[in-house]
file work-v8.cif (mmCIF, C-alpha atoms and all ligand atoms)
data_start
#
loop_
_atom_site.label_atom_id
_atom_site.label_comp_id
_atom_site.auth_asym_id
_atom_site.auth_seq_id
_atom_site.Cartn_x
_atom_site.Cartn_y
_atom_site.Cartn_z
CA MET B 1 -250.04 -233.81 49.21
CA LYS B 2 -248.52 -235.63 52.21
CA ALA B 3 -244.99 -234.73 53.30
CA ILE B 4 -242.58 -235.30 56.19
CA TRP B 5 -242.03 -231.93 57.79
CA ILE B 6 -239.71 -230.65 60.53
CA ASP B 7 -239.70 -227.19 62.09
CA SER B 8 -237.11 -227.91 64.78
CA LEU B 9 -234.02 -230.09 65.12
CA GLY B 10 -234.00 -233.29 67.14
CA GLY B 11 -234.96 -236.95 67.32
CA PRO B 12 -237.87 -238.81 65.68
CA GLU B 13 -240.36 -236.67 67.67
CA VAL B 14 -239.68 -233.63 65.42
CA MET B 15 -240.92 -235.46 62.29
CA GLN B 16 -244.55 -234.72 61.37
CA VAL B 17 -246.71 -236.08 58.54
CA ILE B 18 -248.50 -233.02 57.17
CA ASP B 19 -250.82 -232.14 54.27
CA MET B 20 -249.51 -229.29 52.13
CA PRO B 21 -250.16 -227.83 48.68
CA ILE B 22 -248.43 -229.45 45.72
CA PRO B 23 -245.45 -227.15 44.98
CA GLU B 24 -245.08 -225.31 41.65
CA PRO B 25 -241.79 -225.56 39.73
CA GLY B 26 -239.74 -222.38 39.21
CA ARG B 27 -238.24 -221.40 35.84
CA LYS B 28 -235.45 -224.00 35.81
CA GLU B 29 -237.14 -226.50 38.10
CA VAL B 30 -238.80 -229.86 37.60
CA ARG B 31 -241.73 -231.28 39.59
CA ILE B 32 -241.48 -235.02 40.09
CA LYS B 33 -244.23 -237.40 41.20
CA VAL B 34 -242.20 -239.35 43.73
CA GLU B 35 -242.17 -243.16 43.54
CA SER B 36 -239.20 -244.02 45.77
CA VAL B 37 -237.10 -242.07 48.25
CA GLY B 38 -233.68 -243.28 49.33
CA LEU B 39 -232.95 -242.89 53.03
CA ASN B 40 -229.35 -241.98 53.73
CA TYR B 41 -227.50 -241.74 57.00
CA SER B 42 -227.14 -238.04 56.22
CA ASP B 43 -230.96 -237.60 56.54
CA ILE B 44 -230.65 -238.49 60.24
CA MET B 45 -227.76 -236.06 60.66
CA ILE B 46 -229.77 -233.31 58.92
CA ARG B 47 -232.78 -233.87 61.19
CA GLU B 48 -230.48 -233.63 64.21
CA GLY B 49 -228.58 -230.60 62.88
CA ARG B 50 -225.17 -232.29 62.76
CA TYR B 51 -224.65 -232.61 59.00
CA LEU B 52 -221.77 -231.03 57.07
CA GLN B 53 -224.13 -228.27 55.89
CA ARG B 54 -226.48 -226.28 58.15
CA THR B 55 -230.08 -227.62 58.29
CA GLU B 56 -232.55 -225.02 56.96
CA LEU B 57 -235.81 -224.87 58.98
CA PRO B 58 -238.60 -225.53 58.42
CA GLN B 59 -238.20 -228.14 55.71
CA VAL B 60 -239.63 -231.26 54.15
CA LEU B 61 -236.95 -233.93 54.77
CA GLY B 62 -235.43 -236.17 52.11
CA ARG B 63 -232.77 -235.61 49.47
CA GLU B 64 -232.79 -238.55 47.07
CA LEU B 65 -235.76 -239.67 44.97
CA ALA B 66 -236.91 -241.29 41.76
CA GLY B 67 -240.22 -240.97 39.95
CA VAL B 68 -241.91 -239.44 36.91
CA VAL B 69 -241.60 -235.82 35.73
CA ASP B 70 -244.98 -234.21 36.35
CA ALA B 71 -244.42 -230.56 35.34
CA VAL B 72 -241.47 -228.40 34.27
CA GLY B 73 -240.61 -224.70 34.48
CA PRO B 74 -240.45 -222.66 31.23
CA GLU B 75 -236.62 -222.78 31.03
CA VAL B 76 -236.22 -226.52 31.57
CA THR B 77 -234.52 -228.16 28.61
CA ARG B 78 -233.09 -231.40 29.97
CA VAL B 79 -236.30 -233.40 30.72
CA GLN B 80 -239.99 -233.49 29.79
CA PRO B 81 -243.22 -234.45 31.57
CA GLY B 82 -243.73 -238.20 31.60
CA GLN B 83 -240.02 -239.01 31.68
CA ARG B 84 -238.71 -241.34 34.44
CA VAL B 85 -235.96 -239.65 36.43
CA TYR B 86 -233.67 -239.80 39.44
CA ALA B 87 -233.01 -236.57 41.33
CA THR B 88 -231.25 -235.13 44.30
CA SER B 89 -232.51 -232.12 46.16
CA ALA B 90 -231.36 -230.12 49.21
CA SER B 91 -234.67 -231.13 50.86
CA GLY B 92 -238.25 -232.05 49.97
CA ALA B 93 -237.97 -235.65 48.71
CA LEU B 94 -240.10 -237.20 51.47
CA ALA B 95 -243.38 -236.11 49.88
CA GLU B 96 -245.75 -237.15 47.12
CA TYR B 97 -244.30 -234.47 44.81
CA CYS B 98 -240.85 -232.91 44.93
CA ILE B 99 -239.25 -229.94 43.18
CA ALA B 100 -235.65 -230.34 41.93
CA HIS B 101 -233.40 -228.05 39.93
CA GLN B 102 -233.02 -229.42 36.37
CA GLY B 103 -229.24 -229.75 36.91
CA ALA B 104 -229.90 -232.33 39.63
CA VAL B 105 -232.35 -234.41 37.57
CA PHE B 106 -231.06 -237.43 35.63
CA PRO B 107 -233.15 -239.44 33.14
CA LEU B 108 -233.30 -243.12 34.10
CA PRO B 109 -232.37 -245.88 31.69
CA ASP B 110 -235.23 -248.35 31.01
CA ALA B 111 -233.46 -251.06 32.99
CA MET B 112 -233.48 -249.02 36.18
CA THR B 113 -236.64 -249.01 38.28
CA SER B 114 -237.22 -246.20 40.79
CA ASP B 115 -236.41 -248.52 43.71
CA LEU B 116 -233.18 -249.63 42.06
CA ALA B 117 -232.21 -246.03 41.29
CA VAL B 118 -232.47 -244.87 44.88
CA ALA B 119 -230.78 -248.05 46.13
CA LEU B 120 -227.92 -247.66 43.72
CA ILE B 121 -227.00 -244.10 42.94
CA VAL B 122 -225.79 -242.48 46.20
CA GLN B 123 -224.59 -245.76 47.71
CA GLY B 124 -223.23 -247.18 44.44
CA LEU B 125 -221.35 -244.02 43.50
CA THR B 126 -219.97 -243.76 47.03
CA ALA B 127 -218.80 -247.37 47.01
CA LEU B 128 -217.33 -247.03 43.51
CA HIS B 129 -215.56 -243.74 44.18
CA CYS B 130 -214.21 -244.83 47.57
CA LEU B 131 -212.79 -248.03 46.09
CA ASP B 132 -211.72 -246.79 42.70
CA HIS B 133 -211.13 -243.05 42.04
CA HIS B 134 -210.29 -242.20 45.64
CA GLY B 135 -209.09 -245.51 47.13
CA ARG B 136 -207.26 -246.65 43.94
CA LEU B 137 -207.82 -250.34 44.72
CA ASN B 138 -205.44 -252.69 42.88
CA ALA B 139 -206.22 -256.33 42.10
CA GLY B 140 -204.94 -258.66 44.82
CA GLU B 141 -205.03 -256.05 47.60
CA THR B 142 -206.68 -256.52 50.98
CA VAL B 143 -209.66 -254.23 51.69
CA LEU B 144 -211.28 -253.58 55.05
CA ILE B 145 -214.84 -252.18 54.81
CA HIS B 146 -216.54 -250.86 57.95
CA ALA B 147 -220.35 -250.97 58.47
CA ALA B 148 -220.19 -253.51 55.66
CA ALA B 149 -223.79 -254.74 55.92
CA GLY B 150 -225.23 -251.25 55.25
CA GLY B 151 -226.22 -249.57 51.99
CA VAL B 152 -222.73 -248.52 50.94
CA GLY B 153 -221.05 -251.50 52.59
CA THR B 154 -222.97 -254.29 50.83
CA LEU B 155 -222.27 -252.67 47.45
CA ALA B 156 -218.62 -251.99 48.32
CA ILE B 157 -217.98 -255.65 49.17
CA GLN B 158 -219.40 -256.76 45.82
CA MET B 159 -217.53 -254.11 43.83
CA ALA B 160 -214.25 -254.89 45.61
CA ARG B 161 -214.73 -258.54 44.63
CA HIS B 162 -215.55 -257.49 41.05
CA PHE B 163 -212.36 -255.37 40.91
CA GLY B 164 -210.29 -258.39 41.96
CA ALA B 165 -209.46 -257.54 45.57
CA GLY B 166 -207.37 -260.31 47.16
CA LYS B 167 -209.10 -260.40 50.52
CA ILE B 168 -212.17 -258.47 51.66
CA ILE B 169 -212.96 -258.04 55.34
CA GLY B 170 -216.25 -256.46 56.44
CA THR B 171 -217.14 -255.28 59.93
CA ALA B 172 -220.60 -254.95 61.47
CA SER B 173 -222.33 -254.98 64.85
CA SER B 174 -224.58 -258.06 64.86
CA GLU B 175 -224.58 -261.74 63.94
CA ALA B 176 -227.34 -261.22 61.31
CA LYS B 177 -225.19 -258.58 59.60
CA LEU B 178 -222.04 -260.73 59.78
CA ALA B 179 -223.97 -263.53 58.05
CA VAL B 180 -224.84 -261.19 55.14
CA ILE B 181 -221.22 -260.08 54.84
CA ARG B 182 -220.11 -263.72 54.62
CA GLU B 183 -222.81 -264.48 52.04
CA LEU B 184 -221.41 -261.67 49.91
CA GLY B 185 -218.03 -263.40 49.95
CA ALA B 186 -216.10 -261.41 52.57
CA GLU B 187 -214.59 -262.31 55.93
CA ALA B 188 -216.70 -260.86 58.74
CA VAL B 189 -215.64 -259.32 62.06
CA ASN B 190 -217.88 -257.88 64.79
CA TYR B 191 -216.28 -254.54 65.59
CA THR B 192 -218.23 -254.19 68.82
CA GLU B 193 -216.13 -257.03 70.32
CA PRO B 194 -213.13 -255.83 72.35
CA ASP B 195 -210.58 -257.84 70.33
CA TRP B 196 -212.01 -256.94 66.90
CA ALA B 197 -208.75 -255.36 65.71
CA ASP B 198 -206.77 -258.49 66.64
CA GLN B 199 -209.27 -260.52 64.60
CA VAL B 200 -208.74 -258.27 61.58
CA LEU B 201 -204.96 -258.44 61.97
CA ALA B 202 -205.09 -262.24 62.23
CA LEU B 203 -207.04 -262.37 58.94
CA THR B 204 -204.31 -260.34 57.23
CA GLY B 205 -201.39 -262.35 58.65
CA GLY B 206 -200.52 -259.37 60.88
CA ARG B 207 -199.91 -257.06 57.92
CA GLY B 208 -203.11 -255.00 57.91
CA ALA B 209 -205.24 -253.87 54.97
CA ASP B 210 -203.99 -251.98 51.91
CA LEU B 211 -207.22 -250.02 51.69
CA ILE B 212 -209.75 -249.19 54.42
CA LEU B 213 -213.22 -247.69 53.83
CA GLU B 214 -214.00 -245.81 57.04
CA SER B 215 -217.43 -244.34 57.83
CA VAL B 216 -217.75 -244.72 61.59
CA GLY B 217 -215.19 -242.40 63.24
CA GLY B 218 -214.03 -242.37 66.88
CA GLU B 219 -212.21 -245.49 68.05
CA VAL B 220 -212.92 -247.32 64.78
CA PHE B 221 -211.00 -244.63 62.88
CA TRP B 222 -208.03 -244.54 65.28
CA THR B 223 -207.64 -248.31 65.39
CA SER B 224 -208.03 -248.58 61.62
CA TYR B 225 -205.50 -245.85 60.84
CA ARG B 226 -202.92 -246.69 63.49
CA ARG B 227 -203.09 -250.51 63.71
CA LEU B 228 -204.99 -251.96 60.76
CA LEU B 229 -203.66 -250.04 57.78
CA ALA B 230 -200.66 -251.73 56.14
CA PHE B 231 -197.42 -249.86 55.41
CA ALA B 232 -198.14 -247.23 52.70
CA GLY B 233 -201.84 -248.13 52.81
CA ARG B 234 -204.80 -245.82 52.07
CA ILE B 235 -207.76 -245.02 54.30
CA VAL B 236 -210.79 -243.30 52.76
CA ILE B 237 -212.87 -241.33 55.26
CA PHE B 238 -216.43 -240.97 54.00
CA GLY B 239 -218.69 -240.91 57.08
CA ILE B 240 -218.89 -240.40 60.84
CA ALA B 241 -221.86 -242.56 61.88
CA SER B 242 -220.70 -242.64 65.52
CA THR B 243 -220.72 -238.78 65.57
CA GLU B 244 -217.20 -238.96 67.10
CA VAL B 245 -215.00 -236.66 65.02
CA ASN B 246 -211.25 -237.38 65.17
CA GLN B 247 -208.53 -234.75 65.28
CA LEU B 248 -205.18 -235.59 63.79
CA HIS B 249 -201.85 -233.74 63.91
CA THR B 250 -199.83 -233.41 60.73
CA ASN B 251 -196.72 -234.78 62.45
CA GLU B 252 -198.56 -238.07 62.98
CA ILE B 253 -199.59 -238.21 59.32
CA LEU B 254 -195.98 -237.59 58.31
CA ARG B 255 -194.55 -240.28 60.60
CA ARG B 256 -196.98 -243.05 59.67
CA ASN B 257 -196.43 -243.26 55.89
CA LYS B 258 -200.12 -243.84 55.28
CA THR B 259 -202.45 -241.92 53.02
CA ILE B 260 -205.65 -240.38 54.38
CA ILE B 261 -208.24 -239.62 51.70
CA GLY B 262 -211.51 -237.68 52.07
CA TYR B 263 -214.62 -238.39 50.02
CA PHE B 264 -217.85 -236.37 49.69
CA LEU B 265 -220.31 -237.27 46.93
CA GLY B 266 -222.29 -234.03 47.34
CA GLU B 267 -219.52 -232.08 45.65
CA TYR B 268 -219.61 -234.44 42.65
CA PHE B 269 -223.27 -233.52 42.06
CA GLU B 270 -222.31 -229.82 42.16
CA LYS B 271 -219.01 -229.85 40.27
CA ALA B 272 -218.73 -233.06 38.29
CA ARG B 273 -222.12 -233.88 36.76
CA ASP B 274 -220.41 -235.71 33.86
CA HIS B 275 -218.67 -237.97 36.35
CA VAL B 276 -222.00 -238.71 38.02
CA VAL B 277 -223.66 -239.65 34.72
CA ARG B 278 -220.72 -241.78 33.56
CA ASP B 279 -220.22 -243.53 36.89
CA THR B 280 -223.95 -244.18 37.35
CA ALA B 281 -223.84 -246.00 34.01
CA ARG B 282 -220.82 -247.94 35.30
CA VAL B 283 -222.68 -248.94 38.47
CA LEU B 284 -225.72 -249.99 36.42
CA GLU B 285 -223.50 -252.07 34.14
CA MET B 286 -222.19 -253.96 37.16
CA VAL B 287 -225.79 -254.66 38.21
CA LEU B 288 -226.95 -255.72 34.74
CA SER B 289 -223.97 -258.06 34.35
CA GLY B 290 -224.83 -259.68 37.69
CA ALA B 291 -221.53 -258.64 39.32
CA VAL B 292 -223.38 -256.54 41.88
CA LYS B 293 -226.80 -257.24 43.42
CA PRO B 294 -228.21 -254.32 45.41
CA ILE B 295 -229.75 -255.32 48.74
CA ILE B 296 -232.92 -253.39 49.54
CA ASP B 297 -234.27 -253.58 53.09
CA THR B 298 -238.07 -253.84 53.58
CA PRO B 299 -239.59 -250.63 52.12
CA PHE B 300 -241.44 -248.21 54.41
CA SER B 301 -244.49 -246.05 53.57
CA LEU B 302 -244.37 -242.24 53.85
CA GLU B 303 -246.64 -242.38 56.92
CA ASN B 304 -244.09 -244.72 58.55
CA ALA B 305 -241.06 -242.57 57.73
CA VAL B 306 -240.24 -242.28 61.46
CA ASP B 307 -239.92 -246.07 61.61
CA ALA B 308 -237.57 -246.00 58.62
CA PHE B 309 -235.34 -243.40 60.32
CA ASN B 310 -235.36 -245.40 63.59
CA HIS B 311 -234.58 -248.61 61.72
CA MET B 312 -231.42 -247.04 60.32
CA GLN B 313 -230.43 -245.10 63.43
CA ASN B 314 -230.86 -248.21 65.62
CA ARG B 315 -228.46 -250.05 63.30
CA LYS B 316 -231.12 -252.54 62.16
CA ASN B 317 -230.93 -252.03 58.39
CA ILE B 318 -229.27 -254.49 56.06
CA GLY B 319 -228.65 -252.83 52.71
CA LYS B 320 -230.54 -249.73 51.57
CA VAL B 321 -233.62 -248.33 53.28
CA ILE B 322 -236.26 -246.95 50.89
CA ILE B 323 -239.52 -245.10 51.51
CA LYS B 324 -242.43 -245.24 49.06
CA PRO B 325 -244.97 -242.40 49.07
N1 LIG B 401 -219.17 -239.08 51.92
C1 LIG B 401 -220.24 -239.26 51.20
O1 LIG B 401 -220.45 -238.64 50.17
C2 LIG B 401 -221.23 -240.31 51.63
C3 LIG B 401 -222.25 -240.75 50.77
C4 LIG B 401 -223.13 -241.74 51.25
C5 LIG B 401 -222.97 -242.26 52.52
N2 LIG B 401 -221.98 -241.76 53.32
C6 LIG B 401 -221.75 -242.32 54.67
O2 LIG B 401 -221.51 -243.69 54.50
C7 LIG B 401 -222.01 -244.42 55.62
C8 LIG B 401 -222.96 -245.48 55.11
O3 LIG B 401 -224.11 -244.82 54.57
P1 LIG B 401 -225.47 -245.60 54.34
O4 LIG B 401 -226.48 -244.56 54.01
O5 LIG B 401 -225.23 -246.73 53.41
O6 LIG B 401 -225.81 -246.13 55.81
P2 LIG B 401 -225.74 -247.60 56.38
O7 LIG B 401 -224.37 -248.13 56.27
O8 LIG B 401 -226.82 -248.40 55.80
O9 LIG B 401 -226.07 -247.31 57.92
C9 LIG B 401 -225.09 -246.78 58.75
C10 LIG B 401 -224.37 -247.90 59.53
O10 LIG B 401 -223.33 -247.31 60.32
C11 LIG B 401 -223.02 -248.20 61.35
N3 LIG B 401 -222.76 -247.52 62.60
C12 LIG B 401 -221.57 -247.52 63.26
N4 LIG B 401 -221.64 -246.83 64.38
C13 LIG B 401 -222.91 -246.36 64.47
C14 LIG B 401 -223.60 -245.58 65.44
N5 LIG B 401 -223.00 -245.16 66.56
N6 LIG B 401 -224.90 -245.28 65.21
C15 LIG B 401 -225.52 -245.70 64.10
N7 LIG B 401 -224.90 -246.44 63.13
C16 LIG B 401 -223.61 -246.78 63.33
C17 LIG B 401 -224.20 -249.16 61.50
O11 LIG B 401 -223.77 -250.45 61.06
P3 LIG B 401 -223.35 -251.51 62.21
O12 LIG B 401 -224.58 -251.76 63.01
O13 LIG B 401 -222.90 -252.70 61.46
O14 LIG B 401 -222.26 -250.84 62.99
C18 LIG B 401 -225.25 -248.60 60.55
O15 LIG B 401 -226.06 -249.60 59.99
C19 LIG B 401 -222.67 -243.38 56.54
O16 LIG B 401 -221.76 -243.05 57.56
C20 LIG B 401 -222.94 -242.21 55.62
O17 LIG B 401 -222.99 -240.98 56.30
C21 LIG B 401 -221.13 -240.82 52.90
#

call {"tool": "encode", "arguments": {"input": "work-v8.cif", "output": "structure tokens"}}
result
Amino acid sequence: MKAIWIDSLGGPEVMQVIDMPIPEPGRKEVRIKVESVGLNYSDIMIREGRYLQRTELPQVLGRELAGVVDAVGPEVTRVQPGQRVYATSASGALAEYCIAHQGAVFPLPDAMTSDLAVALIVQGLTALHCLDHHGRLNAGETVLIHAAAGGVGTLAIQMARHFGAGKIIGTASSEAKLAVIRELGAEAVNYTEPDWADQVLALTGGRGADLILESVGGEVFWTSYRRLLAFAGRIVIFGIASTEVNQLHTNEILRRNKTIIGYFLGEYFEKARDHVVRDTARVLEMVLSGAVKPIIDTPFSLENAVDAFNHMQNRKNIGKVIIKP
């Protein structure tokens, strides 16, 4: 089978398309014939060795996939060959076949195609959890969403609208992205412009946002926390796309009367499987009712996986990037 292999950390040059044997499932493992792979910003960080968890080498890249169960180990009870599933895996998704532990394999409802599953599950759960469980958005509140034309961002705008947010402001780095944010019903601000924070403040009548979804880090975090968050507001930190990690002293947190919230979906898959199943159904419901329309960028083939990574890293993607073996 074909797979995207790395044996060292680095840029696109470390990614190789190789031929390798189809892997055999272990006792509690499932082999999936991969139809769609979801590219996440974390895949770039893993390739470069700057993710939250250490990158194991060598490895086949890719952590989110959907397809059809092809074979199962003798102790697998949750799924059977022929069943359509979504799965997460520590690595190995960017291949024609992938092995996943049965605990990380979720049967797909009929209404969910493989493309929709990989466009919706990581990004949809992240958007939902950041707005709802973690961000505790109330109807009528003002929400500021950074990188709002991306996979998580485009879903978060639509969910915030569905939950009755008063005003939604999305930031992004190009005119094409700002146009998408406006089409989705939010105000749009280019946060690469020097006066971007003044523009956000003007849109909120000088008050700031009640809830901020922050995934960029560096200056965007500082400005958001210090200037753009309203009194007693909440900021959810769920990414560091700029690679600039901020350090904060507890005396500043105390003085500012603002709540800083962390969010990491990976731990939900490990510790709260029931939550994942229930909330995936909730995300799907929003799609089936028409409240949320996932935006999928042009799909890439496995052979062109490098282009897919570059597309995302060069900030070109609008919505979710998917790769189809
Ligand atoms: N905590 C979790 O469990 C969790 C789960 C999923 C995703 N995430 C995080 O959520 C964010 C969105 O994820 P996604 O997969 O949907 O990606 P995405 O938003 O489609 O792509 C990342 C976006 O980050 C923005 N960005 C800002 N500064 C950047 C920089 N220096 N280099 C590259 N991009 C930069 C770009 O948008 P502009 O061009 O508009 O700036 C880019 O399109 C990522 O930071 C990701 O790591 C976290």

call {"tool": "atom_distance", "arguments": {"input": "work-v8.cif", "atom1": "CA of Glu24 in chain B", "atom2": "CA of Glu96 in chain B"}}
result
13.1 Å

call {"tool": "closest_residue", "arguments": {"input": "work-v8.cif", "among": "B:Ala179, B:Leu125, B:Pro299, B:Ala186", "to": "Phe264 in chain B", "atoms": "only C-alpha atoms"}}
result
B:Leu125

call {"tool": "residues_near_ligand", "arguments": {"input": "work-v8.cif", "ligand": "ligand LIG 401 (chain B)", "cutoff": "8 Å", "atoms": "all atoms listed in the file", "output": "number ranges by chain"}}
result
B: 39-42, 122-123, 126, 146-153, 171-174, 177, 190-192, 215-217, 237-243, 262-266, 312-321

call {"tool": "closest_residue", "arguments": {"input": "work-v8.cif", "among": "B:Trp5, B:Thr250, B:Met15, B:Arg234", "to": "Ala308 in chain B", "atoms": "all atoms listed in the file"}}
result
B:Met15

call {"tool": "closest_residue", "arguments": {"input": "work-v8.cif", "among": "B:Thr204, B:Thr280, B:Thr259, B:Thr77", "to": "Lys28 in chain B", "atoms": "all atoms listed in the file"}}
result
B:Thr77

call {"tool": "residues_around", "arguments": {"input": "work-v8.cif", "residues": "Val200 in chain B", "least_positions_apart": "4", "cutoff": "9 Å", "atoms": "all atoms listed in the file", "output": "ChimeraX atom specification"}}
result
/B:144,169,188-189,195-196,204-206,208-209,228

call {"tool": "closest_residue", "arguments": {"input": "work-v8.cif", "among": "B:Glu219, B:Arg84, B:Met45, B:Leu155", "to": "Ala119 in chain B", "atoms": "only C-alpha atoms"}}
result
B:Leu155

call {"tool": "residues_around", "arguments": {"input": "work-v8.cif", "residues": "Tyr225 in chain B", "least_positions_apart": "3", "cutoff": "9 Å", "atoms": "all atoms listed in the file", "output": "short mmCIF file (atom, residue, chain, number, x, y, z; two decimals) with C-alpha atoms, in the frame of the given file"}}
result
data_model
loop_
_atom_site.label_atom_id
_atom_site.label_comp_id
_atom_site.auth_asym_id
_atom_site.auth_seq_id
_atom_site.Cartn_x
_atom_site.Cartn_y
_atom_site.Cartn_z
CA ILE B 212 -209.75 -249.19 54.42
CA VAL B 220 -212.92 -247.32 64.78
CA PHE B 221 -211.00 -244.63 62.88
CA TRP B 222 -208.03 -244.54 65.28
CA LEU B 228 -204.99 -251.96 60.76
CA LEU B 229 -203.66 -250.04 57.78
CA ALA B 230 -200.66 -251.73 56.14
CA ARG B 234 -204.80 -245.82 52.07
CA ILE B 235 -207.76 -245.02 54.30
CA LYS B 258 -200.12 -243.84 55.28
CA ILE B 260 -205.65 -240.38 54.38
#

call {"tool": "residues_around", "arguments": {"input": "work-v8.cif", "residues": "range 100-104 of chain B", "least_positions_apart": "5", "cutoff": "7 Å", "atoms": "all atoms listed in the file", "output": "PyMOL selection string"}}
result
chain B and resi 28-31+76+78+87-89

call {"tool": "build_atoms", "arguments": {"input": "work-v8.cif", "residues": "range 41-59 of chain B", "atoms": "N, CA and C atoms", "output": "tab-separated table (two decimals), in the frame of the given file"}}
result
chain	number	residue	atom	x	y	z
B	41	TYR	N	-227.87	-242.05	55.62
B	41	TYR	CA	-227.50	-241.74	57.00
B	41	TYR	C	-227.49	-240.22	57.20
B	42	SER	N	-227.18	-239.51	56.13
B	42	SER	CA	-227.14	-238.04	56.22
B	42	SER	C	-228.51	-237.44	56.56
B	43	ASP	N	-229.63	-238.13	56.21
B	43	ASP	CA	-230.96	-237.60	56.54
B	43	ASP	C	-231.14	-237.51	58.06
B	44	ILE	N	-230.57	-238.51	58.77
B	44	ILE	CA	-230.65	-238.49	60.24
B	44	ILE	C	-229.83	-237.32	60.78
B	45	MET	N	-228.63	-237.14	60.20
B	45	MET	CA	-227.76	-236.06	60.66
B	45	MET	C	-228.40	-234.69	60.38
B	46	ILE	N	-229.09	-234.57	59.27
B	46	ILE	CA	-229.77	-233.31	58.92
B	46	ILE	C	-230.88	-233.03	59.93
B	47	ARG	N	-231.68	-234.06	60.22
B	47	ARG	CA	-232.78	-233.87	61.19
B	47	ARG	C	-232.24	-233.42	62.55
B	48	GLU	N	-231.06	-233.95	62.90
B	48	GLU	CA	-230.48	-233.63	64.21
B	48	GLU	C	-229.62	-232.37	64.19
B	49	GLY	N	-229.38	-231.83	62.98
B	49	GLY	CA	-228.58	-230.60	62.88
B	49	GLY	C	-227.10	-230.84	63.03
B	50	ARG	N	-226.61	-232.04	62.66
B	50	ARG	CA	-225.17	-232.29	62.76
B	50	ARG	C	-224.57	-232.73	61.42
B	51	TYR	N	-225.19	-232.28	60.33
B	51	TYR	CA	-224.65	-232.61	59.00
B	51	TYR	C	-223.56	-231.61	58.62
B	52	LEU	N	-222.85	-231.90	57.54
B	52	LEU	CA	-221.77	-231.03	57.07
B	52	LEU	C	-222.30	-229.63	56.75
B	53	GLN	N	-223.53	-229.57	56.20
B	53	GLN	CA	-224.13	-228.27	55.89
B	53	GLN	C	-225.24	-227.98	56.90
B	54	ARG	N	-225.48	-226.69	57.18
B	54	ARG	CA	-226.48	-226.28	58.15
B	54	ARG	C	-227.88	-226.73	57.70
B	55	THR	N	-228.70	-227.21	58.63
B	55	THR	CA	-230.08	-227.62	58.29
B	55	THR	C	-230.98	-226.39	58.24
B	56	GLU	N	-231.59	-226.14	57.08
B	56	GLU	CA	-232.55	-225.02	56.96
B	56	GLU	C	-233.88	-225.47	57.58
B	57	LEU	N	-234.51	-224.57	58.35
B	57	LEU	CA	-235.81	-224.87	58.98
B	57	LEU	C	-236.83	-223.81	58.59
B	58	PRO	N	-238.13	-224.14	58.45
B	58	PRO	CA	-238.60	-225.53	58.42
B	58	PRO	C	-238.26	-226.17	57.08
B	59	GLN	N	-238.41	-227.48	57.00
B	59	GLN	CA	-238.20	-228.14	55.71
B	59	GLN	C	-238.94	-229.47	55.65
